[in-house]
Structures are given as C-alpha cells and as structure tokens.
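The file model.cif contains mmCIF, C-alpha atoms:
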```cif
data_data
loop_
_atom_site.label_atom_id
_atom_site.label_comp_id
_atom_site.auth_asym_id
_atom_site.auth_seq_id
_atom_site.Cartn_x
_atom_site.Cartn_y
_atom_site.Cartn_z
CA MET A 1333 -18.26 1.75 1.66
CA ARG A 1334 -15.08 -0.10 2.31
CA ARG A 1335 -13.12 1.12 5.32
CA ASP A 1336 -9.40 0.72 5.43
CA VAL A 1337 -6.86 1.39 8.09
CA PHE A 1338 -5.10 4.03 5.98
CA GLN A 1339 -8.28 6.03 5.88
CA ALA A 1340 -8.94 5.48 9.58
CA ILE A 1341 -5.74 7.10 10.74
CA ALA A 1342 -5.53 9.78 8.05
CA ASP A 1343 -7.68 12.02 10.27
CA PRO A 1344 -5.96 13.94 13.12
CA ASN A 1345 -8.97 13.62 15.44
CA ARG A 1346 -9.01 9.87 15.00
CA ARG A 1347 -5.30 9.68 15.73
CA ALA A 1348 -5.90 11.74 18.87
CA ILE A 1349 -8.70 9.38 19.93
CA LEU A 1350 -6.42 6.39 19.41
CA GLY A 1351 -3.68 8.12 21.39
CA LEU A 1352 -6.04 8.76 24.28
CA LEU A 1353 -7.48 5.26 24.29
CA ALA A 1354 -4.07 3.65 23.97
CA LYS A 1355 -3.37 4.83 27.52
CA GLN A 1356 -6.72 3.96 29.08
CA ARG A 1357 -10.08 2.40 28.41
CA LEU A 1358 -12.81 5.06 28.36
CA THR A 1359 -16.57 5.34 27.95
CA LEU A 1360 -17.89 7.11 24.86
CA ASN A 1361 -18.72 10.06 27.12
CA GLY A 1362 -15.23 10.02 28.52
CA VAL A 1363 -13.80 10.22 24.99
CA ALA A 1364 -16.21 13.00 24.02
CA ASN A 1365 -15.35 15.03 27.12
CA SER A 1366 -11.67 14.97 26.24
CA PHE A 1367 -12.14 16.69 22.90
CA HIS A 1368 -13.35 20.04 21.73
CA ILE A 1369 -15.30 18.51 18.90
CA SER A 1370 -19.01 17.69 19.13
CA ARG A 1371 -20.21 14.44 20.66
CA PRO A 1372 -21.79 13.24 17.38
CA ALA A 1373 -18.46 13.90 15.65
CA VAL A 1374 -16.64 11.84 18.30
CA SER A 1375 -19.20 9.05 17.89
CA ARG A 1376 -18.68 9.08 14.15
CA HIS A 1377 -14.88 8.84 14.50
CA VAL A 1378 -15.20 6.03 17.06
CA LYS A 1379 -17.54 4.16 14.74
CA ILE A 1380 -15.07 4.41 11.84
CA LEU A 1381 -12.21 3.20 14.06
CA ALA A 1382 -14.37 0.27 15.22
CA GLU A 1383 -15.26 -0.61 11.64
CA CYS A 1384 -11.58 -0.77 10.79
CA GLY A 1385 -10.96 -3.11 13.69
CA LEU A 1386 -8.79 -0.59 15.53
CA LEU A 1387 -11.01 -0.51 18.61
CA TYR A 1388 -13.72 -2.51 20.37
CA ILE A 1389 -16.84 -1.07 21.89
CA SER A 1390 -18.29 -3.13 24.74
CA GLN A 1391 -21.52 -2.58 26.60
CA GLN A 1392 -21.24 -2.77 30.40
CA GLY A 1393 -24.46 -1.93 32.15
CA ARG A 1394 -25.53 1.46 30.87
CA GLU A 1395 -22.09 2.43 29.67
CA ARG A 1396 -20.33 1.69 26.42
CA TYR A 1397 -16.56 1.36 26.77
CA CYS A 1398 -14.03 1.94 24.00
CA GLU A 1399 -10.80 0.02 23.99
CA VAL A 1400 -7.96 0.14 21.47
CA ARG A 1401 -6.84 -3.08 19.84
CA LEU A 1402 -3.12 -2.71 20.34
CA ASP A 1403 -2.29 -5.77 18.24
CA LYS A 1404 -4.01 -4.20 15.27
CA LEU A 1405 -2.30 -0.87 15.85
CA ARG A 1406 1.13 -2.48 15.96
CA GLU A 1407 0.35 -4.32 12.77
CA VAL A 1408 -0.50 -1.03 11.13
CA SER A 1409 2.69 0.59 12.30
CA ASP A 1410 4.68 -2.09 10.52
CA TRP A 1411 6.15 -0.41 7.45
CA VAL A 1412 6.54 -3.62 5.54
CA GLU A 1413 2.85 -4.31 6.02
CA GLN A 1414 2.00 -0.91 4.56
CA TYR A 1415 4.27 -1.52 1.60
CA ARG A 1416 2.58 -4.90 1.14
CA GLN A 1417 -0.84 -3.24 1.16
CA LEU A 1418 0.29 -0.80 -1.52
CA TRP A 1419 1.22 -3.73 -3.76
CA GLU A 1420 -1.89 -5.65 -2.79
CA GLN A 1421 -4.07 -2.76 -3.93
CA ARG A 1422 -2.19 -2.61 -7.22
CA PHE A 1423 -2.41 -6.32 -7.83
CA ASP A 1424 -6.11 -6.45 -6.94
CA ARG A 1425 -6.71 -3.87 -9.66
CA LEU A 1426 -4.55 -5.91 -12.01
CA ASP A 1427 -6.78 -8.93 -11.25
CA ASP A 1428 -9.81 -6.97 -12.45
CA ILE A 1429 -8.02 -5.96 -15.65
CA LEU A 1430 -6.91 -9.55 -16.30
CA GLU A 1431 -10.51 -10.75 -15.87
CA GLU A 1432 -11.62 -8.24 -18.52
CA MET A 1433 -8.80 -9.32 -20.84
CA LYS A 1434 -9.82 -12.98 -20.48
CA LYS A 1435 -13.38 -12.10 -21.54
CA GLU A 1436 -12.18 -10.22 -24.59
CA LYS A 1437 -10.32 -13.20 -25.96
CA MET B 896 -16.05 -15.29 -7.24
CA PRO B 897 -12.59 -16.80 -6.72
CA SER B 898 -10.88 -16.02 -3.42
CA LYS B 899 -8.22 -13.36 -3.55
CA ASN B 900 -4.60 -14.33 -4.11
CA LYS B 901 -2.20 -13.31 -1.37
CA THR B 902 0.48 -10.68 -1.86
CA THR B 903 3.59 -11.30 0.22
CA VAL B 904 6.49 -8.96 0.88
CA THR B 905 9.68 -10.32 2.40
CA ALA B 906 12.21 -7.79 3.67
CA GLU B 907 14.69 -9.33 6.10
CA SER B 908 16.20 -6.81 8.46
CA GLY B 909 19.71 -5.69 7.63
CA LYS B 910 19.51 -6.70 3.96
CA GLN B 911 19.39 -4.42 0.94
CA GLU B 912 16.86 -6.44 -0.99
CA LEU B 913 13.21 -7.33 -0.81
CA PHE B 914 10.88 -9.79 -2.52
CA ILE B 915 7.26 -9.39 -3.54
CA THR B 916 5.26 -12.42 -4.70
CA ARG B 917 1.75 -12.83 -6.03
CA GLU B 918 -0.12 -15.41 -8.11
CA PHE B 919 -2.67 -14.50 -10.76
CA ASP B 920 -5.57 -16.50 -12.18
CA ALA B 921 -4.57 -15.60 -15.73
CA PRO B 922 -2.09 -16.91 -18.29
CA ARG B 923 1.38 -15.37 -18.38
CA LYS B 924 0.77 -13.82 -21.79
CA LEU B 925 -1.97 -11.63 -20.32
CA VAL B 926 -0.05 -10.71 -17.16
CA PHE B 927 2.84 -9.64 -19.38
CA LYS B 928 0.53 -7.64 -21.65
CA ALA B 929 -0.86 -5.74 -18.65
CA HIS B 930 2.73 -4.67 -17.92
CA ILE B 931 3.62 -3.44 -21.40
CA ASP B 932 0.36 -2.00 -22.73
CA PRO B 933 0.37 1.65 -21.59
CA LYS B 934 -3.44 1.83 -21.50
CA LEU B 935 -3.59 -1.12 -19.13
CA TYR B 936 -0.50 -0.23 -17.10
CA VAL B 937 -1.84 3.14 -15.94
CA GLN B 938 -5.03 1.48 -14.70
CA TRP B 939 -3.37 -0.54 -12.00
CA LEU B 940 0.09 0.76 -11.08
CA GLY B 941 -0.77 4.12 -9.50
CA PRO B 942 -1.48 4.14 -5.75
CA HIS B 943 -5.08 4.58 -4.68
CA GLY B 944 -6.24 8.19 -5.02
CA TYR B 945 -3.44 9.13 -7.43
CA GLU B 946 -3.67 9.87 -11.11
CA MET B 947 -0.94 8.14 -13.07
CA ILE B 948 0.63 9.98 -15.99
CA LEU B 949 2.83 7.87 -18.21
CA GLU B 950 5.15 10.37 -19.84
CA THR B 951 7.65 8.05 -21.51
CA PHE B 952 7.11 4.33 -21.92
CA GLU B 953 9.30 2.11 -24.09
CA PRO B 954 8.77 -1.38 -22.65
CA ILE B 955 11.45 -3.13 -24.71
CA SER B 956 14.98 -4.23 -23.79
CA GLY B 957 17.03 -1.02 -23.74
CA GLY B 958 13.96 1.25 -23.50
CA LYS B 959 13.21 3.85 -20.86
CA TYR B 960 10.22 5.10 -18.86
CA ARG B 961 9.06 8.02 -16.79
CA TYR B 962 5.77 8.35 -14.97
CA ILE B 963 4.19 10.72 -12.49
CA HIS B 964 1.81 9.98 -9.65
CA LYS B 965 -0.36 13.03 -9.06
CA ASN B 966 -2.56 13.40 -6.00
CA LYS B 967 -5.79 15.35 -5.55
CA ASP B 968 -3.90 18.43 -4.35
CA GLY B 969 -1.89 18.46 -7.57
CA GLN B 970 1.31 17.27 -5.89
CA GLU B 971 3.44 15.29 -8.32
CA PHE B 972 5.84 12.45 -7.64
CA GLY B 973 8.04 11.46 -10.57
CA PHE B 974 9.76 8.14 -11.19
CA HIS B 975 12.00 7.01 -14.01
CA GLY B 976 14.32 4.24 -15.09
CA ALA B 977 15.41 1.99 -17.91
CA PHE B 978 14.23 -1.38 -19.10
CA HIS B 979 17.18 -3.71 -19.23
CA GLU B 980 15.34 -6.80 -20.39
CA MET B 981 11.66 -7.22 -21.23
CA SER B 982 10.30 -10.64 -22.06
CA GLU B 983 7.38 -12.78 -20.99
CA GLU B 984 9.68 -14.72 -18.64
CA VAL B 985 11.62 -11.87 -17.08
CA MET B 986 11.41 -8.10 -16.82
CA ILE B 987 14.47 -6.29 -15.47
CA GLN B 988 14.43 -2.55 -14.91
CA THR B 989 15.96 0.23 -12.86
CA PHE B 990 13.77 2.40 -10.65
CA GLU B 991 14.45 5.85 -9.24
CA PHE B 992 12.16 8.14 -7.26
CA GLU B 993 12.91 11.72 -8.34
CA GLY B 994 12.28 12.94 -4.80
CA TYR B 995 15.33 10.93 -3.75
CA PRO B 996 17.70 11.28 -6.72
CA GLY B 997 20.78 9.12 -7.07
CA HIS B 998 19.21 6.23 -5.21
CA VAL B 999 18.41 3.64 -7.83
CA SER B 1000 17.06 0.16 -7.32
CA LEU B 1001 17.19 -2.79 -9.67
CA ASP B 1002 13.93 -4.68 -10.03
CA CYS B 1003 13.94 -8.16 -11.49
CA MET B 1004 10.47 -9.53 -12.09
CA THR B 1005 9.99 -13.15 -13.09
CA LEU B 1006 6.75 -14.51 -14.50
CA LYS B 1007 6.38 -18.24 -14.00
CA GLU B 1008 3.66 -20.27 -15.69
CA LEU B 1009 1.62 -22.38 -13.29
CA PRO B 1010 -0.77 -25.23 -14.12
CA GLY B 1011 -4.34 -24.19 -14.90
CA ASN B 1012 -3.39 -21.08 -16.88
CA ARG B 1013 -2.13 -19.33 -13.79
CA THR B 1014 0.98 -17.20 -13.29
CA LYS B 1015 3.30 -16.54 -10.39
CA VAL B 1016 4.98 -13.14 -10.29
CA THR B 1017 8.09 -12.60 -8.17
CA ILE B 1018 9.72 -9.19 -7.89
CA HIS B 1019 13.24 -9.07 -6.49
CA SER B 1020 14.32 -5.49 -5.73
CA VAL B 1021 17.95 -4.78 -4.91
CA PHE B 1022 18.87 -1.40 -3.42
CA GLN B 1023 22.23 0.37 -3.11
CA SER B 1024 22.16 0.12 0.68
CA VAL B 1025 20.07 -1.14 3.59
CA SER B 1026 19.00 2.43 4.36
CA ASP B 1027 17.92 2.97 0.74
CA ARG B 1028 15.69 -0.08 1.01
CA ASP B 1029 14.24 0.88 4.36
CA GLY B 1030 13.73 4.46 3.19
CA MET B 1031 11.89 3.21 0.13
CA ILE B 1032 9.62 0.99 2.20
CA GLN B 1033 8.98 3.71 4.74
CA ASN B 1034 8.40 6.62 2.42
CA GLY B 1035 6.64 4.63 -0.25
CA MET B 1036 4.78 7.07 -2.38
CA GLU B 1037 1.93 7.96 -0.12
CA LYS B 1038 3.52 10.80 1.71
CA GLY B 1039 0.34 11.94 3.40
CA VAL B 1040 -0.36 8.49 4.69
CA SER B 1041 3.24 8.10 5.82
CA GLU B 1042 2.98 11.23 7.90
CA GLY B 1043 -0.12 9.78 9.49
CA TYR B 1044 1.82 6.66 10.34
CA GLU B 1045 4.70 8.59 11.82
CA ARG B 1046 2.23 10.15 14.23
CA LEU B 1047 0.82 6.71 14.90
CA ASP B 1048 4.31 5.51 15.75
CA ASP B 1049 4.53 8.36 18.25
CA ILE B 1050 1.29 7.14 19.81
CA LEU B 1051 2.67 3.63 20.12
CA GLU B 1052 5.91 4.82 21.61
CA GLY B 1053 3.99 6.80 24.20
CA ILE B 1054 2.21 3.73 25.54
#
```

Just give me the structure as structure tokens.
Amino acid sequence: MRRDVFQAIADPNRRAILGLLAKQRLTLNGVANSFHISRPAVSRHVKILAECGLLYISQQGRERYCEVRLDKLREVSDWVEQYRQLWEQRFDRLDDILEEMKKEK
Amino acid sequence: MPSKNKTTVTAESGKQELFITREFDAPRKLVFKAHIDPKLYVQWLGPHGYEMILETFEPISGGKYRYIHKNKDGQEFGFHGAFHEMSEEVMIQTFEFEGYPGHVSLDCMTLKELPGNRTKVTIHSVFQSVSDRDGMIQNGMEKGVSEGYERLDDILEGI
C-alpha cells in the first residue's frame, strides 16, 4: 500500500506524536508512555510516520529512538507543495487515461 | 515503464497569479480529448477520495460547466464557470468555488506540441487579488486535509 504524507498526518494521534517528537527525541517506550493509547497502536502510528519519511528510527544499544525529520515536516507545511501534489495526483491519473487512449487508436 | 513527468507549480509571493506546468507522453489531440470528453474528464479531475459529478459540461467556446466533488461523508463542494475559448491550442475558462462565491479566477491553459508526440501543458491562473490566490492554494478542495495541515502548522510554530 502506498503511503503518502496526507494520510500520515490525517490522524490526530499521529499529529500528536509528531508534536511531541518535534520538541525532543524519544525512545519508542517514551512515546508510548506519553499517550493513553496502547503500545501496539503507538508502534503502528510510528511505523506509518517512518514509512512516509516523517521520522527516523535509530537503534542505540537496546533502545530504539524516534526522531522527527523537520525538513520533511516543513516541506509538508508548504501550501504550494500541497497544491502541487493535488495537481500531480490529477495528472498522474490523466497519464493512465492517455496510455489507454493510445492503445485504443 | 517511463519515468514520471514532473508537475511544477510557481506562485511568487505577493502576486495574484500562479502557473502549473506538466508534460505528457501523448499527442496534443489526446490530451485535449481527455479535457473535453465528459467520461474521461471525471476520471482524473476529482481529488483523491472524492466522487466527481459533472452536472453541466459544454466544453465549447461560450459554453458553461458545473461540477461537484463529493467526499465519503457526503459533503459536496461545487464549482462552476464558463468556457471562453476551447481549442486544441488554448483553453480559457473562468473558475469559481461555490464555497467562496464572488471570487472568480481566470484559467488559461495552453497545450504545446513537443517532438516525439509529446505535449506540454501550462496553466496560468489569474485571481482577483493576492489573498484570493493564497486562499485558493491554502483551502484547495481537501478541507479535511487542510485542517490537518493547520494543526501541523501549529506544531511547527511550537518548536
């Protein structure tokens, strides 16, 4: 399944996780302890955020640390970039339709 | 599979216009057809996750259009305008979001033939004011997503 940034931050828990990690680097346990949702749920949200490139997970000894990629976050907060993505999605679909039309000829 | 063509959006700060450009690996005739054939148009114009309902569609010079983007919750966002000129080389139309009535933009789309049966599309949108343009970019159509981003902006400001 394709993950996109829109999807990543559509969820309030994931936004809260980003907000927390934007202030400090935390272990997975540290993130889990800050929320009233289950640890597996936190892990799942963290995994989705990592897949979207919004955070890194690094192993240090026995601990796994989560760190927000601020550059990526800023990029996402750029309205023009979002508008561009809206058009990109449209035009990618148009590409598929044009390919079909070329075959029909 | 050919690599994806890049979509660029240029919106200089303080101006009331923006440009969107994209190249397509298809001849202009087909790109044009995908813009005027209602069956094709609804397949690509609606934002992801929205159903597109084309209520009125007269893609000829002097014609008019109205369409609705409907999301999963049944929320509807209507848009309408008039086609000023419709040809394979240039498509000029007005565009108005019904959630923001009275704020109309003028979209001029040019379709340029490129070697190798390719086409370059440039959309030049002119708004009534800088704030109309910025509002359009910011609100887009994906209200739910926009709200998510507003909260994200709060996060960034808090850092």

Return as a ChimeraX atom specification the residues belonging to chain A that are within 7 Å of chain B, counting all atoms listed in the file.
/A:1338,1341-1342,1347,1351,1354-1355,1409,1411-1412,1415-1416,1418,1420,1422,1425-1427,1430

When you count only C-alpha atoms, which of these residues is closest to Ile1429 of chain A: B:Glu984, B:Asp932, B:Glu912, B:Glu946?
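Selected residue with least distance to Ile1429 of chain A: B:Asp932.
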
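The space separating atom CA of Lys1404 of chain A from atom CA of Leu1386 of chain A comes to 6.0 Å.
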
For this structure, which residues satisfy the selection - the PyMOL selection byres ((chain A and resi 1378) around 9) - when it is evaluated on the file as given? I want them as a PyMOL selection string.
chain A and resi 1346+1349+1360+1373-1377+1379-1383+1387+1389+1398

Atom CA of Ala1340 of chain A to atom CA of Cys1384 of chain A: how many Å, to one decimal?
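Calculated distance between atom CA of Ala1340 of chain A and atom CA of Cys1384 of chain A is 6.9 Å.
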
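In this model, the gap between atom CA of Asp968 of chain B and atom CA of Gln1414 of chain A comes to 22.1 Å.
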